[in-house]
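Report on one structure; see the data block that follows.
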Amino acid sequence: MNIKIVPLPAEKMKTKISDQSKLGFGKYFTDRMLMVEWKAGQGWCDVRIEPYAPFVLDPACLVFHYAQEIFEGLKAYKWADGRIALFRPEMNARRFNQSGDRLCLPPVPEELFLKGIEQLVSLERDWIPTAEGTSLYIRPTLIAVEPVLGVKPSDHYYFYVILSPVGAYYAAGFNPINIMVEDQYVRAVPGGTGEAKCGGNYASSLKAGLEAKKKGYDQVLWLDGRERRYIEEVGAMNMFFVYGTHIVTAALNGSILSGVTRDSVLKLAPSLGYTVEERQIDVHDLMADIRSGKVTEAFGSGTAAVITPVGKLCYMDECLQLTGGNVGEVTQRLYDTLTGIQTGKLKDEFGWVRFVE
Ligand SMILES: *Cc1c(COP(=O)(O)O)cnc(C)c1O
């Protein structure tokens, strides 16, 4: 695969944020981006790394009207020895194409996805922050750019990757968040696009999120779209419930996003002496188990925040506190171990790390 590197003029180089505690999440972008086009009859063409810049797009482009679009999210870490590590990027490459298949987008060859990201990250290595909790967030995106108003798969696409140096996802850091179980709106239904990482899922979840925020909650926990009874996931996180040393998460049922962090927790937890279980979780049973003290901790998992402890879970008129509002021991151990592997402080027994040359 041949990637053309478009020169970056010195005057286009941005000033990097010197105070890494002020990075926030997804606010700053690096100097370059990966850009690839797909055209019907031609396939993938014109692979290039070019200066980060706005697109000029026709207002009729399909992505603006019918949301034919998918994305991914992964991180690069700069280790103390200077090496740059990606965490299980093959999983993101595979999921990208699974999402794409659901939205009739052309598959991106895994090698193009991985090599493109590696070369881009390598060129932008000076942008990777090194302070505790920081990393370089990688956002691959695939959009339909054919300018036509007919509802159909596009005949022209942009696959691009942008990079953002990030701090902690939540402004408050590793602190328990308050979650409201959503009993009105739904995120996904069986047969829908819940399993695909597509922008449309997020657009349709904004209203619930906003209303929850007004009531003082940080996130909503979605129930299944048919009965509004079974636990699915939180906005951009899969959910785990800890019963002492037993960890339970919702089974992948077609409307839940199959998280890389979720899969990592399921593989990592047994090595720390915990048992894991994927099953259907009835919200009424869950509330009863929290009430009775059987559920000792709850946390969310996702690339952006890695592991997020839950302080309070509210459903209908009942609000229950978990772990006395503190960070639980299991949650803390999983966070420490996972971030330890990602940042090179702990040995990677699972072969999850892929170094950037
Ligand atoms: C990205 C995402 C997750 C988390 O997946 P990771 O691969 O762990 O980052 C969970 N739920 C939804 C809806 C997502 O989009």
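Chain labels follow the order of the structure tokens: the first chain is A, the next B, and so on; residue numbering restarts at 1 in every chain, and ligands are counted from 1 in their shown order.
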Taking a cut-off of 6 Å and counting only C-alpha atoms and all ligand atoms, can you build a table that, for each residue of chain A near ligand 1, reports the nearest atom pair and how far apart they are in Å (one decimal), sorted by chain then residue number, as JSON lines?
```
{"residue": "A:Lys197", "atom": "CA", "partner": "ligand 1", "partner_atom_place_in_ligand_line": "15 (O)", "distance": 5.1}
{"residue": "A:Gly235", "atom": "CA", "partner": "ligand 1", "partner_atom_place_in_ligand_line": "13 (C)", "distance": 5.3}
{"residue": "A:Ala236", "atom": "CA", "partner": "ligand 1", "partner_atom_place_in_ligand_line": "12 (C)", "distance": 3.8}
{"residue": "A:Met237", "atom": "CA", "partner": "ligand 1", "partner_atom_place_in_ligand_line": "10 (C)", "distance": 3.8}
{"residue": "A:Asn238", "atom": "CA", "partner": "ligand 1", "partner_atom_place_in_ligand_line": "10 (C)", "distance": 5.0}
{"residue": "A:Leu257", "atom": "CA", "partner": "ligand 1", "partner_atom_place_in_ligand_line": "11 (N)", "distance": 4.8}
{"residue": "A:Gly259", "atom": "CA", "partner": "ligand 1", "partner_atom_place_in_ligand_line": "5 (O)", "distance": 3.4}
{"residue": "A:Val260", "atom": "CA", "partner": "ligand 1", "partner_atom_place_in_ligand_line": "7 (O)", "distance": 3.6}
{"residue": "A:Thr261", "atom": "CA", "partner": "ligand 1", "partner_atom_place_in_ligand_line": "8 (O)", "distance": 3.6}
{"residue": "A:Arg262", "atom": "CA", "partner": "ligand 1", "partner_atom_place_in_ligand_line": "8 (O)", "distance": 5.5}
{"residue": "A:Ser301", "atom": "CA", "partner": "ligand 1", "partner_atom_place_in_ligand_line": "8 (O)", "distance": 5.8}
{"residue": "A:Gly302", "atom": "CA", "partner": "ligand 1", "partner_atom_place_in_ligand_line": "8 (O)", "distance": 3.5}
{"residue": "A:Thr303", "atom": "CA", "partner": "ligand 1", "partner_atom_place_in_ligand_line": "9 (O)", "distance": 3.6}
```
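The shell of residues at most 6 Å from range 79-89 of chain A, with only C-alpha atoms counted and near chain neighbours (fewer than 2 positions) removed, consists of A:Ala76, A:Tyr77, A:Met91, A:Asn92, A:Thr343, A:Gly344, A:Trp352, A:Val353, A:Arg354, A:Phe355, A:Val356.
Per DSSP on the backbone, strand (DSSP E) in range 206-249 of chain A comprises Gln219, Val220, Leu221, Trp222, Leu223, Ile231, Glu232, Glu233, Val234, Met237, Asn238, Met239, Phe240, Phe241, Val242, Tyr243, His246, Ile247, Val248 and Thr249 of chain A.
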**Report entry** Backbone-only DSSP, helix (DSSP H, G or I) members of range 29-214 of chain A, as a PyMOL selection string
**Finding:** chain A and resi 62-66+89-102+110-123+125-127+199-203+206-214
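Nearest residue to Leu223 in chain A among A:Phe55, A:Tyr28, A:Tyr160, A:Tyr315 is A:Tyr315, counting only C-alpha atoms.
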Report task. Give me the residues within 12 Å of Val161 in chain A as an NGL selection string, counting only C-alpha atoms and dropping any in the same chain fewer than 5 places off. Result -> :A and (29-36 or 47-53 or 70-74 or 112-121 or 137-143)
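Between Val248 in chain A and the candidates A:Tyr230, A:Ala269, A:Ile290, A:Val276, the tightest atom-to-atom separation, counting only C-alpha atoms, involves A:Val276.
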Requested in this report: Please identify all polymer residues within 10 Å of Asp101 in chain A, counting only C-alpha atoms, omitting same-chain residues fewer than 6 positions from it, and present them as a VMD selection string.
Outcome: chain A and resid 95 107 196
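Here the question is which of A:Val186, A:Ala131, A:Leu286, A:Ala251 gets nearest to Val166 in chain A using only C-alpha atoms, and that residue is A:Ala131.
Distances here use only C-alpha atoms; by that measure, the residue among A:Pro153, A:Gly24, A:Pro176, A:Gly351 closest to Gly328 in chain A is A:Pro176.
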Report task. Between CA of Lys39 in chain A and CA of His156 in chain A, measure the distance and give it in Å to one decimal. Result -> 4.6 Å
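The residue that comes closest to Val181 in chain A, out of A:Ile128, A:Ala298, A:Leu313, A:Leu23 and on the basis of only C-alpha atoms, is A:Leu313.
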